[in-house]
>>> print(open('start_37.cif').read())   # mmCIF, C-alpha atoms and all ligand atoms
data_model
loop_
_atom_site.group_PDB
_atom_site.id
_atom_site.type_symbol
_atom_site.label_atom_id
_atom_site.label_comp_id
_atom_site.auth_asym_id
_atom_site.auth_seq_id
_atom_site.Cartn_x
_atom_site.Cartn_y
_atom_site.Cartn_z
ATOM 1 C CA MET Q 1 66.887 44.993 23.945
ATOM 2 C CA GLN Q 2 66.538 41.383 22.833
ATOM 3 C CA GLY Q 3 63.356 42.060 20.872
ATOM 4 C CA LEU Q 4 64.904 45.226 19.490
ATOM 5 C CA ARG Q 5 67.960 43.379 18.242
ATOM 6 C CA ASP Q 6 65.678 40.912 16.557
ATOM 7 C CA ASP Q 7 63.852 43.832 14.990
ATOM 8 C CA VAL Q 8 66.860 45.699 13.573
ATOM 9 C CA TYR Q 9 68.889 42.601 12.644
ATOM 10 C CA ARG Q 10 65.940 40.497 11.461
ATOM 11 C CA ARG Q 11 66.937 40.921 7.804
ATOM 12 C CA PRO Q 12 70.350 39.178 8.037
ATOM 13 C CA LEU Q 13 68.667 36.316 9.888
ATOM 14 C CA ALA Q 14 65.969 35.998 7.240
ATOM 15 C CA THR Q 15 68.599 36.158 4.463
ATOM 16 C CA ALA Q 16 70.582 33.331 6.062
ATOM 17 C CA LEU Q 17 67.553 31.075 6.635
ATOM 18 C CA GLU Q 18 66.447 31.621 3.049
ATOM 19 C CA ARG Q 19 69.953 30.953 1.724
ATOM 20 C CA LEU Q 20 69.985 27.607 3.553
ATOM 21 C CA GLY Q 21 66.461 26.596 2.633
ATOM 22 C CA VAL Q 22 65.714 25.599 6.237
ATOM 23 C CA GLY Q 23 62.431 23.696 6.252
ATOM 24 C CA ALA Q 24 60.090 21.395 8.149
ATOM 25 C CA SER Q 25 61.658 18.637 10.268
ATOM 26 C CA TRP Q 26 65.171 20.126 10.383
ATOM 27 C CA THR Q 27 67.097 19.651 13.617
ATOM 28 C CA CYS Q 28 68.915 22.835 14.701
ATOM 29 C CA ALA Q 29 70.987 24.249 17.531
ATOM 30 C CA ASP Q 30 71.179 27.947 18.446
ATOM 31 C CA ILE Q 31 74.330 28.539 20.492
ATOM 32 C CA GLY Q 32 74.474 31.609 22.762
ATOM 33 C CA ALA Q 33 70.727 31.816 22.310
ATOM 34 C CA GLY Q 34 70.107 34.609 24.830
ATOM 35 C CA GLY Q 35 66.392 35.356 25.028
ATOM 36 C CA GLY Q 36 65.705 32.941 22.182
ATOM 37 C CA ASP Q 37 64.728 35.168 19.259
ATOM 38 C CA VAL Q 38 66.710 33.050 16.778
ATOM 39 C CA SER Q 39 65.524 29.815 18.423
ATOM 40 C CA VAL Q 40 61.889 30.858 18.058
ATOM 41 C CA ALA Q 41 62.444 31.936 14.436
ATOM 42 C CA LEU Q 42 63.986 28.518 13.718
ATOM 43 C CA ALA Q 43 61.169 26.713 15.560
ATOM 44 C CA GLU Q 44 58.593 28.455 13.406
ATOM 45 C CA VAL Q 45 60.346 27.206 10.264
ATOM 46 C CA VAL Q 46 61.098 23.617 11.322
ATOM 47 C CA GLY Q 47 57.647 23.038 12.832
ATOM 48 C CA ARG Q 48 56.627 20.413 15.353
ATOM 49 C CA SER Q 49 58.372 17.630 13.447
ATOM 50 C CA GLY Q 50 61.692 19.460 13.837
ATOM 51 C CA ARG Q 51 63.768 20.280 16.906
ATOM 52 C CA VAL Q 52 65.728 23.312 18.120
ATOM 53 C CA TYR Q 53 68.298 23.032 20.900
ATOM 54 C CA SER Q 54 68.591 26.487 22.447
ATOM 55 C CA VAL Q 55 71.941 26.611 24.225
ATOM 56 C CA ASP Q 56 73.366 29.324 26.490
ATOM 57 C CA SER Q 57 75.933 29.353 29.286
ATOM 58 C CA ASP Q 58 73.760 31.662 31.399
ATOM 59 C CA PRO Q 59 71.106 29.707 33.346
ATOM 60 C CA ALA Q 60 68.828 32.776 33.247
ATOM 61 C CA ALA Q 61 68.611 32.377 29.463
ATOM 62 C CA ARG Q 62 66.854 29.023 29.900
ATOM 63 C CA ASP Q 63 63.935 30.705 31.675
ATOM 64 C CA GLU Q 64 63.815 33.455 29.049
ATOM 65 C CA VAL Q 65 63.789 30.899 26.230
ATOM 66 C CA ALA Q 66 61.125 28.858 28.021
ATOM 67 C CA ARG Q 67 58.918 31.975 28.107
ATOM 68 C CA ALA Q 68 59.694 33.034 24.516
ATOM 69 C CA ALA Q 69 59.185 29.517 23.144
ATOM 70 C CA ALA Q 70 56.212 28.506 25.304
ATOM 71 C CA ALA Q 71 54.138 27.791 22.191
ATOM 72 C CA HIS Q 72 56.900 25.692 20.589
ATOM 73 C CA SER Q 73 57.398 22.286 22.205
ATOM 74 C CA GLN Q 74 60.126 21.549 19.644
ATOM 75 C CA VAL Q 75 62.471 24.000 21.447
ATOM 76 C CA VAL Q 76 64.703 22.374 24.071
ATOM 77 C CA ALA Q 77 66.581 24.865 26.274
ATOM 78 C CA ILE Q 78 69.970 23.711 27.558
ATOM 79 C CA THR Q 79 72.392 25.468 29.913
ATOM 80 C CA GLN Q 80 75.848 24.722 28.510
ATOM 81 C CA ALA Q 81 78.911 26.702 27.453
ATOM 82 C CA GLY Q 82 79.701 26.674 23.751
ATOM 83 C CA GLU Q 83 83.180 25.472 24.707
ATOM 84 C CA ASP Q 84 81.599 22.301 26.208
ATOM 85 C CA LEU Q 85 78.903 21.848 23.585
ATOM 86 C CA ARG Q 86 77.512 18.303 23.589
ATOM 87 C CA LEU Q 87 74.025 17.770 22.206
ATOM 88 C CA PRO Q 88 71.836 14.633 22.415
ATOM 89 C CA GLU Q 89 72.175 14.199 18.611
ATOM 90 C CA GLN Q 90 74.110 15.655 15.695
ATOM 91 C CA VAL Q 91 71.942 18.249 13.967
ATOM 92 C CA ASP Q 92 71.269 19.591 10.468
ATOM 93 C CA LEU Q 93 72.155 23.186 11.413
ATOM 94 C CA VAL Q 94 74.293 24.745 14.134
ATOM 95 C CA PHE Q 95 73.796 28.513 14.337
ATOM 96 C CA CYS Q 96 75.233 31.383 16.364
ATOM 97 C CA ARG Q 97 74.613 35.130 16.290
ATOM 98 C CA PHE Q 98 76.370 37.782 18.428
ATOM 99 C CA LEU Q 99 78.114 35.000 20.395
ATOM 100 C CA LEU Q 100 81.738 34.749 19.273
ATOM 101 C CA LEU Q 101 82.512 38.400 20.055
ATOM 102 C CA HIS Q 102 81.922 37.542 23.750
ATOM 103 C CA VAL Q 103 83.701 34.191 24.182
ATOM 104 C CA LEU Q 104 87.284 33.698 25.337
ATOM 105 C CA ASP Q 105 88.437 31.855 22.200
ATOM 106 C CA PRO Q 106 86.071 31.834 19.178
ATOM 107 C CA SER Q 107 88.026 28.945 17.591
ATOM 108 C CA VAL Q 108 87.261 26.616 20.491
ATOM 109 C CA VAL Q 109 83.527 27.315 20.207
ATOM 110 C CA LEU Q 110 83.554 26.944 16.413
ATOM 111 C CA ASP Q 111 85.312 23.567 16.749
ATOM 112 C CA ARG Q 112 82.524 22.391 19.082
ATOM 113 C CA MET Q 113 79.868 23.769 16.736
ATOM 114 C CA ALA Q 114 81.440 21.917 13.802
ATOM 115 C CA ALA Q 115 81.419 18.653 15.786
ATOM 116 C CA ALA Q 116 77.739 19.164 16.678
ATOM 117 C CA ALA Q 117 76.687 19.222 12.994
ATOM 118 C CA ARG Q 118 76.027 15.986 11.125
ATOM 119 C CA ILE Q 119 78.307 15.193 8.175
ATOM 120 C CA GLY Q 120 76.956 17.294 5.297
ATOM 121 C CA GLY Q 121 75.089 19.511 7.776
ATOM 122 C CA TRP Q 122 75.336 23.295 8.090
ATOM 123 C CA VAL Q 123 77.157 25.650 10.421
ATOM 124 C CA VAL Q 124 76.163 29.327 10.219
ATOM 125 C CA ALA Q 125 77.750 32.155 12.210
ATOM 126 C CA GLN Q 126 76.595 35.797 12.236
ATOM 127 C CA GLU Q 127 79.029 38.117 14.000
ATOM 128 C CA PRO Q 128 79.600 41.897 13.865
ATOM 129 C CA ILE Q 129 82.384 44.197 12.836
ATOM 130 C CA THR Q 130 81.571 46.663 15.576
ATOM 131 C CA THR Q 131 84.030 49.385 14.631
ATOM 132 C CA SER Q 132 82.622 49.496 11.090
ATOM 133 C CA GLY Q 133 79.405 50.952 12.497
ATOM 134 C CA ARG Q 134 79.096 54.727 12.018
ATOM 135 C CA VAL Q 135 77.265 57.604 13.669
ATOM 136 C CA GLY Q 136 77.514 60.900 11.832
ATOM 137 C CA GLY Q 137 80.339 59.307 9.813
ATOM 138 C CA LEU Q 138 82.431 58.462 12.885
ATOM 139 C CA PRO Q 139 83.299 54.876 13.939
ATOM 140 C CA LEU Q 140 81.462 53.107 16.749
ATOM 141 C CA SER Q 141 83.232 51.017 19.344
ATOM 142 C CA MET Q 142 82.150 48.309 21.763
ATOM 143 C CA PRO Q 143 84.973 48.092 24.310
ATOM 144 C CA ASP Q 144 83.109 45.598 26.537
ATOM 145 C CA ALA Q 145 83.244 42.821 23.958
ATOM 146 C CA ARG Q 146 86.293 40.516 23.908
ATOM 147 C CA HIS Q 147 86.416 40.397 20.105
ATOM 148 C CA PRO Q 148 84.401 43.398 18.858
ATOM 149 C CA ASP Q 149 85.519 42.933 15.236
ATOM 150 C CA VAL Q 150 85.417 39.115 15.074
ATOM 151 C CA GLY Q 151 83.118 39.353 12.039
ATOM 152 C CA ALA Q 152 86.079 40.543 9.950
ATOM 153 C CA LEU Q 153 87.913 37.260 10.654
ATOM 154 C CA LEU Q 154 84.885 34.986 10.514
ATOM 155 C CA PRO Q 155 85.414 33.257 7.124
ATOM 156 C CA ALA Q 156 88.947 32.232 8.172
ATOM 157 C CA LEU Q 157 87.860 31.125 11.649
ATOM 158 C CA VAL Q 158 85.091 28.969 10.172
ATOM 159 C CA ARG Q 159 87.433 27.403 7.610
ATOM 160 C CA ASP Q 160 90.024 26.733 10.326
ATOM 161 C CA ALA Q 161 87.359 24.749 12.205
ATOM 162 C CA GLY Q 162 87.511 22.209 9.348
ATOM 163 C CA LEU Q 163 84.325 23.451 7.673
ATOM 164 C CA THR Q 164 83.766 24.224 3.994
ATOM 165 C CA VAL Q 165 82.723 27.850 3.508
ATOM 166 C CA VAL Q 166 80.038 27.973 0.813
ATOM 167 C CA ASP Q 167 78.892 31.587 1.166
ATOM 168 C CA ALA Q 168 79.706 34.724 3.161
ATOM 169 C CA TRP Q 169 78.443 38.285 3.160
ATOM 170 C CA ALA Q 170 77.852 41.347 5.392
ATOM 171 C CA GLU Q 171 74.676 43.305 6.061
ATOM 172 C CA ALA Q 172 74.152 46.427 8.188
ATOM 173 C CA PRO Q 173 70.940 48.137 9.274
ATOM 174 C CA ALA Q 174 71.067 51.906 8.666
ATOM 175 C CA GLY Q 175 68.815 54.868 9.289
ATOM 176 C CA ILE Q 176 68.281 58.473 10.309
ATOM 177 C CA GLY Q 177 65.994 60.099 12.858
ATOM 178 C CA PRO Q 178 63.826 58.402 15.480
ATOM 179 C CA GLY Q 179 63.066 54.709 14.992
ATOM 180 C CA PRO Q 180 64.328 51.228 15.901
ATOM 181 C CA VAL Q 181 67.848 51.818 14.542
ATOM 182 C CA ALA Q 182 68.359 54.976 16.658
ATOM 183 C CA THR Q 183 66.808 53.318 19.731
ATOM 184 C CA TYR Q 184 69.022 50.254 19.313
ATOM 185 C CA LEU Q 185 72.144 52.423 18.973
ATOM 186 C CA ALA Q 186 71.239 54.377 22.106
ATOM 187 C CA SER Q 187 70.686 51.154 24.085
ATOM 188 C CA LEU Q 188 73.983 49.683 22.813
ATOM 189 C CA THR Q 189 76.247 52.700 23.317
ATOM 190 C CA GLY Q 190 74.338 55.251 25.401
ATOM 191 C CA VAL Q 191 74.820 57.684 22.498
ATOM 192 C CA ASP Q 192 71.817 59.729 21.355
ATOM 193 C CA PRO Q 193 72.315 60.025 17.564
ATOM 194 C CA ASP Q 194 69.935 62.997 17.371
ATOM 195 C CA ASP Q 195 69.664 63.632 13.619
ATOM 196 C CA ASP Q 196 72.983 62.037 12.642
ATOM 197 C CA PRO Q 197 72.933 59.240 10.057
ATOM 198 C CA ILE Q 198 73.538 55.790 11.554
ATOM 199 C CA VAL Q 199 75.036 52.612 10.168
ATOM 200 C CA LEU Q 200 74.859 49.865 12.795
ATOM 201 C CA PRO Q 201 77.721 47.324 12.990
ATOM 202 C CA PRO Q 202 77.631 45.104 9.902
ATOM 203 C CA LEU Q 203 76.849 41.491 10.659
ATOM 204 C CA VAL Q 204 79.055 39.080 8.714
ATOM 205 C CA THR Q 205 77.265 35.830 7.883
ATOM 206 C CA VAL Q 206 79.314 32.754 7.049
ATOM 207 C CA VAL Q 207 77.491 29.693 5.713
ATOM 208 C CA ALA Q 208 79.503 26.473 5.851
ATOM 209 C CA THR Q 209 79.027 22.724 5.647
ATOM 210 C CA ARG Q 210 80.669 19.913 7.532
ATOM 211 C CA PRO Q 211 82.586 17.787 5.048
ATOM 212 C CA GLY Q 212 82.751 13.999 5.201
ATOM 213 C CA SER Q 213 85.805 12.539 6.902
HETATM 214 C C1 LIG Y 301 74.546 39.242 22.773
HETATM 215 S S1 LIG Y 301 73.712 37.803 23.318
HETATM 216 C C2 LIG Y 301 73.151 37.165 21.780
HETATM 217 C C3 LIG Y 301 71.836 36.471 21.899
HETATM 218 C C4 LIG Y 301 71.262 35.892 20.595
HETATM 219 N N1 LIG Y 301 72.179 34.986 19.939
HETATM 220 C C5 LIG Y 301 70.856 36.977 19.617
HETATM 221 O O1 LIG Y 301 71.458 37.119 18.568
HETATM 222 O O2 LIG Y 301 69.907 37.706 19.922
HETATM 223 C C6 LIG Y 301 75.080 36.705 23.689
HETATM 224 C C7 LIG Y 301 74.631 35.456 24.457
HETATM 225 O O3 LIG Y 301 75.727 34.543 24.463
HETATM 226 C C8 LIG Y 301 75.793 33.935 25.746
HETATM 227 N N2 LIG Y 301 77.165 33.454 25.941
HETATM 228 C C9 LIG Y 301 78.267 34.179 26.213
HETATM 229 N N3 LIG Y 301 79.352 33.384 26.289
HETATM 230 C C10 LIG Y 301 78.916 32.109 26.046
HETATM 231 C C11 LIG Y 301 79.552 30.848 25.965
HETATM 232 N N4 LIG Y 301 80.868 30.732 26.144
HETATM 233 N N5 LIG Y 301 78.794 29.769 25.675
HETATM 234 C C12 LIG Y 301 77.457 29.879 25.479
HETATM 235 N N6 LIG Y 301 76.799 31.055 25.554
HETATM 236 C C13 LIG Y 301 77.515 32.158 25.826
HETATM 237 C C14 LIG Y 301 75.370 35.016 26.712
HETATM 238 O O4 LIG Y 301 74.914 34.465 27.930
HETATM 239 C C15 LIG Y 301 74.272 35.718 25.914
HETATM 240 O O5 LIG Y 301 73.005 35.178 26.192
#
>>> encode(input="start_37.cif", output="structure tokens")
Amino acid sequence: MQGLRDDVYRRPLATALERLGVGASWTCADIGAGGGDVSVALAEVVGRSGRVYSVDSDPAARDEVARAAAAHSQVVAITQAGEDLRLPEQVDLVFCRFLLLHVLDPSVVLDRMAAAARIGGWVVAQEPITTSGRVGGLPLSMPDARHPDVGALLPALVRDAGLTVVDAWAEAPAGIGPGPVATYLASLTGVDPDDDPIVLPPLVTVVATRPGS
């Protein structure tokens, strides 16, 4: 599932990293890192002179990240809730993807993410609008998530965390017939789309900077 998500949602991640111009020696934090797909992608860009703090509240994620990032000594896995985020240093980029839909209060986590960025540094959030996904033209739903449509509020939530929004957009993988999009949908919802057209939940990306005080 983790690798599959990285496969179908790899384009929004690539778009965001390109938009930022992330490069060698950047220091980054990936909050709610899960199995570490984003952390590894960041590690590949920042290289050995950079650093990636891979943070998740689930201790099992640390082992998964350690396996996924075995070849990248610049990845440091930390077990910590986003609500309690406290890193050893302020970083150039604080990133989250598919995190805020699960947390109790997205604003609390975004406040901590903002504080973890250096002045002038970046905060990037990528969160879905689950009910805007479609199968055969009908809306999807993800009742297990606390905030399934948090993506629709994301620009306001980021601004309310005291950050300056510099860009925002939405991207959705789509497809028909067998392939990664259909397999991902089936794993997410248990629904077999058969030959129905699919639009997966759009991922809203918000790119923001931390202003000076
Ligand atoms: C759907 S996964 C997303 C993983 C990864 N960001 C990605 O896009 O592939 C959500 C992750 O957030 C973590 N998580 C949930 N609530 C959290 C919290 N309050 N603080 C930190 N991590 C949290 C979960 O343990 C899980 O690994």
>>> resolve_selection(input="start_37.cif", expression="the PyMOL selection byres (((chain Q and resi 122-132) around 9) and not hetatm)", output="compact mmCIF listing (two decimals) with C-alpha atoms, in the frame of the given file")
# COMPACT_ATOMS: atom_id res chain seq x y z
CA PRO Q 12 70.35 39.18 8.04
CA LEU Q 13 68.67 36.32 9.89
CA ALA Q 16 70.58 33.33 6.06
CA LEU Q 20 69.98 27.61 3.55
CA VAL Q 91 71.94 18.25 13.97
CA ASP Q 92 71.27 19.59 10.47
CA LEU Q 93 72.16 23.19 11.41
CA VAL Q 94 74.29 24.74 14.13
CA PHE Q 95 73.80 28.51 14.34
CA CYS Q 96 75.23 31.38 16.36
CA ARG Q 97 74.61 35.13 16.29
CA PHE Q 98 76.37 37.78 18.43
CA LEU Q 99 78.11 35.00 20.40
CA LEU Q 100 81.74 34.75 19.27
CA LEU Q 101 82.51 38.40 20.06
CA LEU Q 110 83.55 26.94 16.41
CA MET Q 113 79.87 23.77 16.74
CA ALA Q 114 81.44 21.92 13.80
CA ALA Q 117 76.69 19.22 12.99
CA ARG Q 118 76.03 15.99 11.12
CA ILE Q 119 78.31 15.19 8.18
CA GLY Q 120 76.96 17.29 5.30
CA GLY Q 121 75.09 19.51 7.78
CA GLY Q 133 79.40 50.95 12.50
CA ARG Q 134 79.10 54.73 12.02
CA PRO Q 139 83.30 54.88 13.94
CA LEU Q 140 81.46 53.11 16.75
CA SER Q 141 83.23 51.02 19.34
CA MET Q 142 82.15 48.31 21.76
CA PRO Q 148 84.40 43.40 18.86
CA ASP Q 149 85.52 42.93 15.24
CA VAL Q 150 85.42 39.12 15.07
CA GLY Q 151 83.12 39.35 12.04
CA ALA Q 152 86.08 40.54 9.95
CA LEU Q 154 84.88 34.99 10.51
CA VAL Q 158 85.09 28.97 10.17
CA LEU Q 163 84.32 23.45 7.67
CA ALA Q 170 77.85 41.35 5.39
CA VAL Q 199 75.04 52.61 10.17
CA LEU Q 200 74.86 49.86 12.80
CA PRO Q 201 77.72 47.32 12.99
CA PRO Q 202 77.63 45.10 9.90
CA LEU Q 203 76.85 41.49 10.66
CA VAL Q 204 79.06 39.08 8.71
CA THR Q 205 77.26 35.83 7.88
CA VAL Q 206 79.31 32.75 7.05
CA VAL Q 207 77.49 29.69 5.71
CA ALA Q 208 79.50 26.47 5.85
CA THR Q 209 79.03 22.72 5.65
CA ARG Q 210 80.67 19.91 7.53
>>> resolve_selection(input="start_37.cif", expression="the PyMOL selection byres (((not hetatm)) within 6 of (chain Y and resi 301))", output="mmCIF file with C-alpha atoms, keeping the file's coordinate frame")
data_model
loop_
_atom_site.group_PDB
_atom_site.id
_atom_site.type_symbol
_atom_site.label_atom_id
_atom_site.label_comp_id
_atom_site.auth_asym_id
_atom_site.auth_seq_id
_atom_site.Cartn_x
_atom_site.Cartn_y
_atom_site.Cartn_z
ATOM 1 C CA GLN Q 2 66.538 41.383 22.833
ATOM 2 C CA GLY Q 32 74.474 31.609 22.762
ATOM 3 C CA ALA Q 33 70.727 31.816 22.310
ATOM 4 C CA GLY Q 34 70.107 34.609 24.830
ATOM 5 C CA ASP Q 37 64.728 35.168 19.259
ATOM 6 C CA ASP Q 56 73.366 29.324 26.490
ATOM 7 C CA SER Q 57 75.933 29.353 29.286
ATOM 8 C CA ASP Q 58 73.760 31.662 31.399
ATOM 9 C CA ALA Q 81 78.911 26.702 27.453
ATOM 10 C CA GLY Q 82 79.701 26.674 23.751
ATOM 11 C CA GLU Q 83 83.180 25.472 24.707
ATOM 12 C CA CYS Q 96 75.233 31.383 16.364
ATOM 13 C CA ARG Q 97 74.613 35.130 16.290
ATOM 14 C CA PHE Q 98 76.370 37.782 18.428
ATOM 15 C CA LEU Q 99 78.114 35.000 20.395
ATOM 16 C CA HIS Q 102 81.922 37.542 23.750
ATOM 17 C CA VAL Q 103 83.701 34.191 24.182
#
>>> atom_distance(input="start_37.cif", atom1="CA of Asp144 (chain Q)", atom2="CA of Tyr184 (chain Q)")
16.5 Å
>>> axis_aligned_box(input="start_37.cif", around="region 124-136 of chain Q", padding_each_side="6 Å", output="JSON")
{"center_x": 80.1, "center_y": 45.1, "center_z": 12.9, "size_x": 19.9, "size_y": 43.6, "size_z": 17.4}
>>> resolve_selection(input="start_37.cif", expression="the PyMOL selection byres (((chain Q and resi 63) around 12) and not hetatm)", output="ChimeraX atom specification")
/Q:33-36,54-56,58-62,64-70,76-79
>>> closest_residue(input="start_37.cif", among="Q:Asp196, Q:Asp160, Q:Glu89, Q:Asp111", to="Gly175 (chain Q)", atoms="only C-alpha atoms")
Q:Asp196
>>> atom_distance(input="start_37.cif", atom1="CA of Asp30 (chain Q)", atom2="CA of Ser107 (chain Q)")
16.9 Å
>>> closest_residue(input="start_37.cif", among="Q:Thr27, Q:Val191, Q:Pro106, Q:Ala41", to="Ala156 (chain Q)", atoms="only C-alpha atoms")
Q:Pro106
>>> closest_residue(input="start_37.cif", among="Q:Gly50, Q:Gly162, Q:Gly177, Q:Pro155", to="Ala115 (chain Q)", atoms="only C-alpha atoms")
Q:Gly162
>>> residues_around(input="start_37.cif", residues="Gly23 (chain Q)", least_positions_apart="6", cutoff="12 Å", atoms="all atoms listed in the file", output="ChimeraX atom specification")
/Q:17,41-51,92-93
